[in-house]
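Shown next, in structure tokens, is the structure this report addresses.
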Amino acid sequence: METPDDLEAVLSLDESLWVATSAPVGAFSCDREFLSLVDSDGNGRIQTNELKAAITWLFDRLADRSRLAEGVGELKLAAIRSDTPAGGALVESGEYVLDQLHQMGKASGYILSLEDVRIFAASIHNQPLNGDGVVVSAAAREPEIKAFIDDAAACMGPATDISGRTGIREDMLAGFIAAARDYLEWKAKGQLPPDGSPTPVMPLGEATAGAYAVYCTHAREVDAFFALCNVIRFQPDAAAHMQLPDAKLHDLGASDAGRVRELLAKAPIARPVASGRLPLADGDTNPMYRSWAARLKTQVLEPVLGRIPEELNEEEWGKVAAVFAPYEAYIAQKKGGQVESLPEQKLREYLAEKYQARVRELIRADSKVALLMEGLKELEKLLLHHQHIMRLARNFVSFPELYGTGSRALFEVGSALIDGRWFNFCTRVDDVAGHAAVAQNSSVFCLYLEVTGRDAGEKFTVAAPATSGTKGNLDVGKRGVFFDVNGREYDARIVRIITNPISLHEALASPFVRLWNFILGKIESLTTKAEKGLETGADKMLAAPPAPAAAQPGMAATHGGLFLGVGVAVAALSSAFAYIVKTFAGLGHQNLLLGIGAVLVLVLAPVTLLAVLKLRRRDLSGLLEGSGWAINARMRLDRAQRRHFTRRMPYPKGAEGAPKGHWKVVAIILAILLALGTVFYIGLQVAKTLCPAEARQAAPEQAEPGPDAPQ
């Protein structure tokens with residue numbers, strides 16, 4: 001996929017030939033805004049139909065595709081189609097942006113860049129009119145209009161624009177005007193005549209509001225008092241149940257003022273009596289209501305009843321309620337309470353048409369900016385697709401960046417440096433257990449690294465395959481560093497490993513390594529047993545009492561037995577070695593070599609076959625499928641790619657103390673083989689000496705007796 005024609009051919013390429021047909025959006029190290037645009041259904045995954053739709057959308061708006069392969073986020077205006085409505089709108093928006101940038105001295109020529117469009121869009125966001133539907137006071141030049149917008153926002157609950165400033169929307173403007181009209185209309189119903197005389201709504205004139213507030217404070221308690229009096233009148237013995245219980249009074253502490261107030265608050269305003277009269281004197285009223293009773297007498301009862309009574313009956317209380325009933329209904333019908341904080345004079349001024357007309361003019365201007373912002377979004381989308389669509393398609397259809405050692409695929413997140421090796425292919429993993437369940441079938445040796453950043457909470461996991469070399473010191477808990485694609489450094493630690501063969505020579509050496517480990521284990525076991533036996537014998541010798549002089553021969557016998565046992569063991573080992581050498585000597589030189597070769601073939605052949613088969617089955621697709629990809633192809637690697645994905649850097653030329661290469665290892669192996677050959681040769685010579693030719697010839701005659709031999 002090197003040319004725009006190749007990209008267009010993807011539209012007709014059967015999806016079964018694509019390497020990938022679906023991938024999670026989070027797998028790509030790419031512009032987040034571009035990926036969200038391609039993910040048209042917003043489900044967090046990019047599929048083939050969405051990628052094709054993105055390519056088609058771009059081709060429908062481009063007149064010149066020549067720079068698609070460059071992956072640049074810039075275009076000449078002439079490269080945009082102007083013969084379609086969509087393309088024409090883009091050209092118009094581009095011309096406007098370039099004109100504004102020229103005026104600002106930030107653009108030259110007729111080339112649009114993604115950076116310029118984003119800078120211009122950000123500058124509009126910070127302008128008073130930014131197309132978000134919210135008009136702020138800074139958008140107006142006139143001080144009175146600024147004050148109108150601020151007051152309306154404060155009354156209606158402010159809206160916040162993109163820049164964080166408060167203002168109003170068109171619906172809030174209409175609501176403010178309606179509330180102002182309703183409030184002023186309601187307020188007019190409660191207006192007093194010029195002479196201040198009472199009205200049915202304002203029965204006490206200007207004092208009505210204050211008197212009504214006093215009346216309402218404890219009107220319910222007074223109603224409850226008269227109701228209790230009616231109960232006592234009907235059933236006199238109920239009075240005893242309406243008193244404070246003696247038990248509660250007895251439990252009150254002298255210093256518990258809170259409980260005292262709580263108890264009094266629950267008690268009636270005065271003691272209910274059958275006469276049904278409410279005493280208003282201080283000594284007869286609940287202490288919690290005495291202050292209110294004093295205000296009630298002067299501010300309510302005196303103006304309504306024409307006197308200050310010492311006792312109030314239910315009929316008189318009903319008269320007070322009837323006087324305040326019209327005002328109470330008036331209060332219940334209150335409208336436009338949102339604007340009550342503003343003076344009436346200012347509200348009447350704000351109802352003038354000039355305020356509404358000017359604010360609506362600003363709203364229309366903001367709407368035009370909104371259309372411009374839509375055009376800017378389309379321009380940004382065009383430039384994003386022009387810059388990234390070719391590369392995204394490559395990372396779906398053929399993966400050339402993954403297989404090319406000089407580039408990185410979009411789904412690579414960085415490189416890990418552990419155990420002196422670079423692991424250059426790392427993919428992000430969200431669920432280690434789920435990923436491992438899929439990746440274990442890939443026959444790839446895979447490391448799971450927990451990557452930790454310097455910022456608190458910056459932690460994620462990556463999977464890195466080991467594709468060359470050997471396991472070395474790679475174990476869970478091993479630490480290293482991780483560098484993301486932007487070069488930022490993180491701490492890394494191995495948290496899990498999927499073990500598989502890494503290279504052919506490691507697989508061939510594995511049976512010998514296991515054999516060597518087995519021998520070492522046996523040697524360590526025998527050594528441990530010998531040490532324990534020696535310690536036990538020493539303990540017994542030290543713990544035993546010293547023998548008398550007559551027993552010294554016995555001690556010598558003990559020591560002699562010990563040396564005799566060692567001698568027997570050495571003799572047994574020597575006999576075993578002699579038997580092995582004698583057996584090989586009986587084979588002859590040619591048969592001996594064939595035997596050794598047969599043993600090597602029997603050991604190495606199946607190991608080699610299994611290693612080759614496993615190494616050939618290595619498939620990187622399992623690592624991607626574990627992260628949620630849908631992969632069609634077998635993702636095999638050649639030798640150069642394997643060495644690139646897992647790479648050990650050479651030491652600088654002439655570095656002192658650095659390993660000189662593998663020739664030392666080869667020399668050591670050859671020396672060991674030569675030593676073994678020498679040992680076998682010496683053993684053969686010894687066998688010939690121990691078993692002369694006559695003995696070897698007589699052996700078969702003794703094995704099969706002749707006919708004259710005694711039975």
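Going by the structure tokens order, chains are called A, B, ..., each with residues numbered from 1, while ligands are numbered from 1 in the order shown.
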
query: Could you write out, as a count of residues only, all the residues of range 96-335 of chain A that DSSP marks as helix (DSSP H, G or I)?
result: 151

message: List the spatial neighbours of range 68-84 of chain A as a VMD selection string - criterion: any atom at most 9 Å away, only C-alpha atoms, same-chain residues fewer than 4 positions off excluded.
response: chain A and resid 1 to 4 60 to 64 88 to 91 94 to 95 109 to 115 382 to 391

What would the file look like if the residues just selected were written as a JSON list (two decimals), in the first residue's frame with N, CA and C atoms?
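Ended up saving to again-v7.json:
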```json
[["chain", "number", "residue", "atom", "x", "y", "z"],
["A", 1, "MET", "N", 0.85, -1.19, 0.00],
["A", 1, "MET", "CA", 0.00, 0.00, 0.00],
["A", 1, "MET", "C", 0.88, 1.23, 0.00],
["A", 2, "GLU", "N", 1.28, 1.64, -1.19],
["A", 2, "GLU", "CA", 2.23, 2.75, -1.32],
["A", 2, "GLU", "C", 1.64, 3.96, -2.02],
["A", 3, "THR", "N", 0.56, 3.82, -2.73],
["A", 3, "THR", "CA", 0.01, 4.92, -3.51],
["A", 3, "THR", "C", -1.47, 5.09, -3.20],
["A", 4, "PRO", "N", -2.04, 6.26, -3.55],
["A", 4, "PRO", "CA", -3.48, 6.45, -3.38],
["A", 4, "PRO", "C", -4.30, 5.42, -4.15],
["A", 60, "ASP", "N", -14.33, 11.37, -1.60],
["A", 60, "ASP", "CA", -15.42, 12.20, -2.11],
["A", 60, "ASP", "C", -15.14, 13.68, -1.96],
["A", 61, "ARG", "N", -14.15, 14.05, -1.14],
["A", 61, "ARG", "CA", -13.89, 15.47, -0.88],
["A", 61, "ARG", "C", -12.52, 15.92, -1.38],
["A", 62, "LEU", "N", -11.76, 15.00, -1.96],
["A", 62, "LEU", "CA", -10.44, 15.36, -2.47],
["A", 62, "LEU", "C", -10.44, 15.45, -3.99],
["A", 63, "ALA", "N", -9.88, 16.54, -4.48],
["A", 63, "ALA", "CA", -9.65, 16.65, -5.92],
["A", 63, "ALA", "C", -8.23, 16.22, -6.28],
["A", 64, "ASP", "N", -7.32, 16.29, -5.33],
["A", 64, "ASP", "CA", -5.92, 15.91, -5.54],
["A", 64, "ASP", "C", -5.51, 14.97, -4.43],
["A", 88, "GLY", "N", -17.75, 22.14, -1.49],
["A", 88, "GLY", "CA", -17.87, 23.60, -1.56],
["A", 88, "GLY", "C", -17.90, 24.23, -0.18],
["A", 89, "ALA", "N", -18.59, 23.60, 0.76],
["A", 89, "ALA", "CA", -18.64, 24.13, 2.13],
["A", 89, "ALA", "C", -17.26, 24.09, 2.77],
["A", 90, "LEU", "N", -16.50, 23.03, 2.47],
["A", 90, "LEU", "CA", -15.15, 22.94, 3.01],
["A", 90, "LEU", "C", -14.25, 24.03, 2.43],
["A", 91, "VAL", "N", -14.36, 24.28, 1.14],
["A", 91, "VAL", "CA", -13.56, 25.34, 0.51],
["A", 91, "VAL", "C", -13.91, 26.69, 1.11],
["A", 94, "GLY", "N", -12.44, 26.91, 4.50],
["A", 94, "GLY", "CA", -11.00, 27.06, 4.38],
["A", 94, "GLY", "C", -10.60, 28.46, 3.99],
["A", 95, "GLU", "N", -11.33, 29.07, 3.06],
["A", 95, "GLU", "CA", -11.03, 30.45, 2.67],
["A", 95, "GLU", "C", -11.20, 31.40, 3.84],
["A", 109, "GLY", "N", 0.17, 32.11, 1.94],
["A", 109, "GLY", "CA", -0.22, 31.26, 0.84],
["A", 109, "GLY", "C", -1.62, 30.72, 1.02],
["A", 110, "TYR", "N", -1.90, 29.62, 0.34],
["A", 110, "TYR", "CA", -3.23, 29.02, 0.37],
["A", 110, "TYR", "C", -3.15, 27.55, 0.78],
["A", 111, "ILE", "N", -2.33, 27.27, 1.77],
["A", 111, "ILE", "CA", -2.19, 25.92, 2.30],
["A", 111, "ILE", "C", -2.79, 25.87, 3.70],
["A", 112, "LEU", "N", -3.72, 24.95, 3.88],
["A", 112, "LEU", "CA", -4.34, 24.74, 5.19],
["A", 112, "LEU", "C", -3.60, 23.63, 5.92],
["A", 113, "SER", "N", -3.30, 23.85, 7.17],
["A", 113, "SER", "CA", -2.67, 22.81, 7.98],
["A", 113, "SER", "C", -3.56, 22.49, 9.17],
["A", 114, "LEU", "N", -3.43, 21.26, 9.65],
["A", 114, "LEU", "CA", -4.20, 20.83, 10.81],
["A", 114, "LEU", "C", -3.89, 21.70, 12.02],
["A", 115, "GLU", "N", -2.63, 22.05, 12.19],
["A", 115, "GLU", "CA", -2.24, 22.89, 13.33],
["A", 115, "GLU", "C", -2.90, 24.26, 13.25],
["A", 382, "LEU", "N", -11.19, 16.47, 7.65],
["A", 382, "LEU", "CA", -10.56, 16.26, 6.35],
["A", 382, "LEU", "C", -9.04, 16.14, 6.50],
["A", 383, "LEU", "N", -8.45, 17.05, 7.25],
["A", 383, "LEU", "CA", -7.00, 17.05, 7.41],
["A", 383, "LEU", "C", -6.53, 15.84, 8.22],
["A", 384, "LEU", "N", -7.31, 15.43, 9.22],
["A", 384, "LEU", "CA", -6.97, 14.24, 9.99],
["A", 384, "LEU", "C", -7.00, 12.99, 9.12],
["A", 385, "HIS", "N", -8.03, 12.86, 8.31],
["A", 385, "HIS", "CA", -8.11, 11.70, 7.41],
["A", 385, "HIS", "C", -6.96, 11.72, 6.39],
["A", 386, "HIS", "N", -6.65, 12.92, 5.88],
["A", 386, "HIS", "CA", -5.57, 13.03, 4.90],
["A", 386, "HIS", "C", -4.24, 12.60, 5.51],
["A", 387, "GLN", "N", -4.04, 12.88, 6.78],
["A", 387, "GLN", "CA", -2.78, 12.57, 7.44],
["A", 387, "GLN", "C", -2.68, 11.11, 7.88],
["A", 388, "HIS", "N", -3.77, 10.52, 8.35],
["A", 388, "HIS", "CA", -3.67, 9.22, 9.03],
["A", 388, "HIS", "C", -4.33, 8.05, 8.31],
["A", 389, "ILE", "N", -5.19, 8.28, 7.31],
["A", 389, "ILE", "CA", -5.99, 7.19, 6.77],
["A", 389, "ILE", "C", -5.13, 6.13, 6.08],
["A", 390, "MET", "N", -4.08, 6.57, 5.36],
["A", 390, "MET", "CA", -3.24, 5.60, 4.66],
["A", 390, "MET", "C", -2.52, 4.69, 5.66],
["A", 391, "ARG", "N", -2.00, 5.30, 6.72],
["A", 391, "ARG", "CA", -1.27, 4.49, 7.70],
["A", 391, "ARG", "C", -2.21, 3.56, 8.45]]
```

query: What lies within 6 Å of range 286-300 of chain A using only C-alpha atoms, ignoring chain neighbours under 6 positions off, as a list in words?
result: Ala211, Ile269, Ala270 and Ile308 of chain A

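Between Leu301 in chain A and the residues A:Leu37, A:Ala365, A:Val214, A:Ile145, the shortest atom-to-atom distance, using only C-alpha atoms, involves A:Val214.
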
Residues near Gly420 in chain A, cut-off 9 Å, only C-alpha atoms, skip fewer than 6 positions along chain, as a PyMOL selection string: chain A and resi 647-649

- prompt: Could you pull out all residues of range 14-183 of chain A with a DSSP call of strand (DSSP E or B) and give them as a VMD selection string?
  reply: chain A and resid 20 to 24 45 to 47 62 74 to 76 80 111 to 113 135 to 136 159 to 160 166 to 168

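Residues within 7 Å of range 167-173 of chain A, counting only C-alpha atoms and excluding same-chain residues fewer than 3 positions away, are A:Gly133, A:Val134, A:Val135, A:Val136, A:Ser137, A:Ile149, A:Asp150, A:Ala153, A:Met156, A:Pro158, A:Ala159, A:Thr160, A:Phe176, A:Ile177, A:Ile363.
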
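Across A:Gln338, A:Gln333, A:Thr646, A:Asn230, the tightest approach to Asn424 in chain A is made by A:Thr646 when counting only C-alpha atoms.
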
field: Near-Arg141 in chain A list (12 Å; only C-alpha atoms; drop same-chain fewer than 6 positions) as a PyMOL selection string
entry: chain A and resi 128+147+149+358-359+362

For the selection just defined, write its residues with C-alpha atoms to a file, as a PDB file, in the first residue's frame.
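Below you can see again.pdb, which holds the result:
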```
ATOM      1  CA  PRO A 128     -17.117  36.012  23.484  1.00  0.00           C
ATOM      2  CA  ALA A 147     -25.710  44.544  32.867  1.00  0.00           C
ATOM      3  CA  ILE A 149     -27.072  39.822  30.389  1.00  0.00           C
ATOM      4  CA  ARG A 358     -29.793  43.570  21.040  1.00  0.00           C
ATOM      5  CA  VAL A 359     -29.360  40.264  22.863  1.00  0.00           C
ATOM      6  CA  LEU A 362     -25.855  38.676  19.589  1.00  0.00           C
TER       7      LEU A 362
END
```
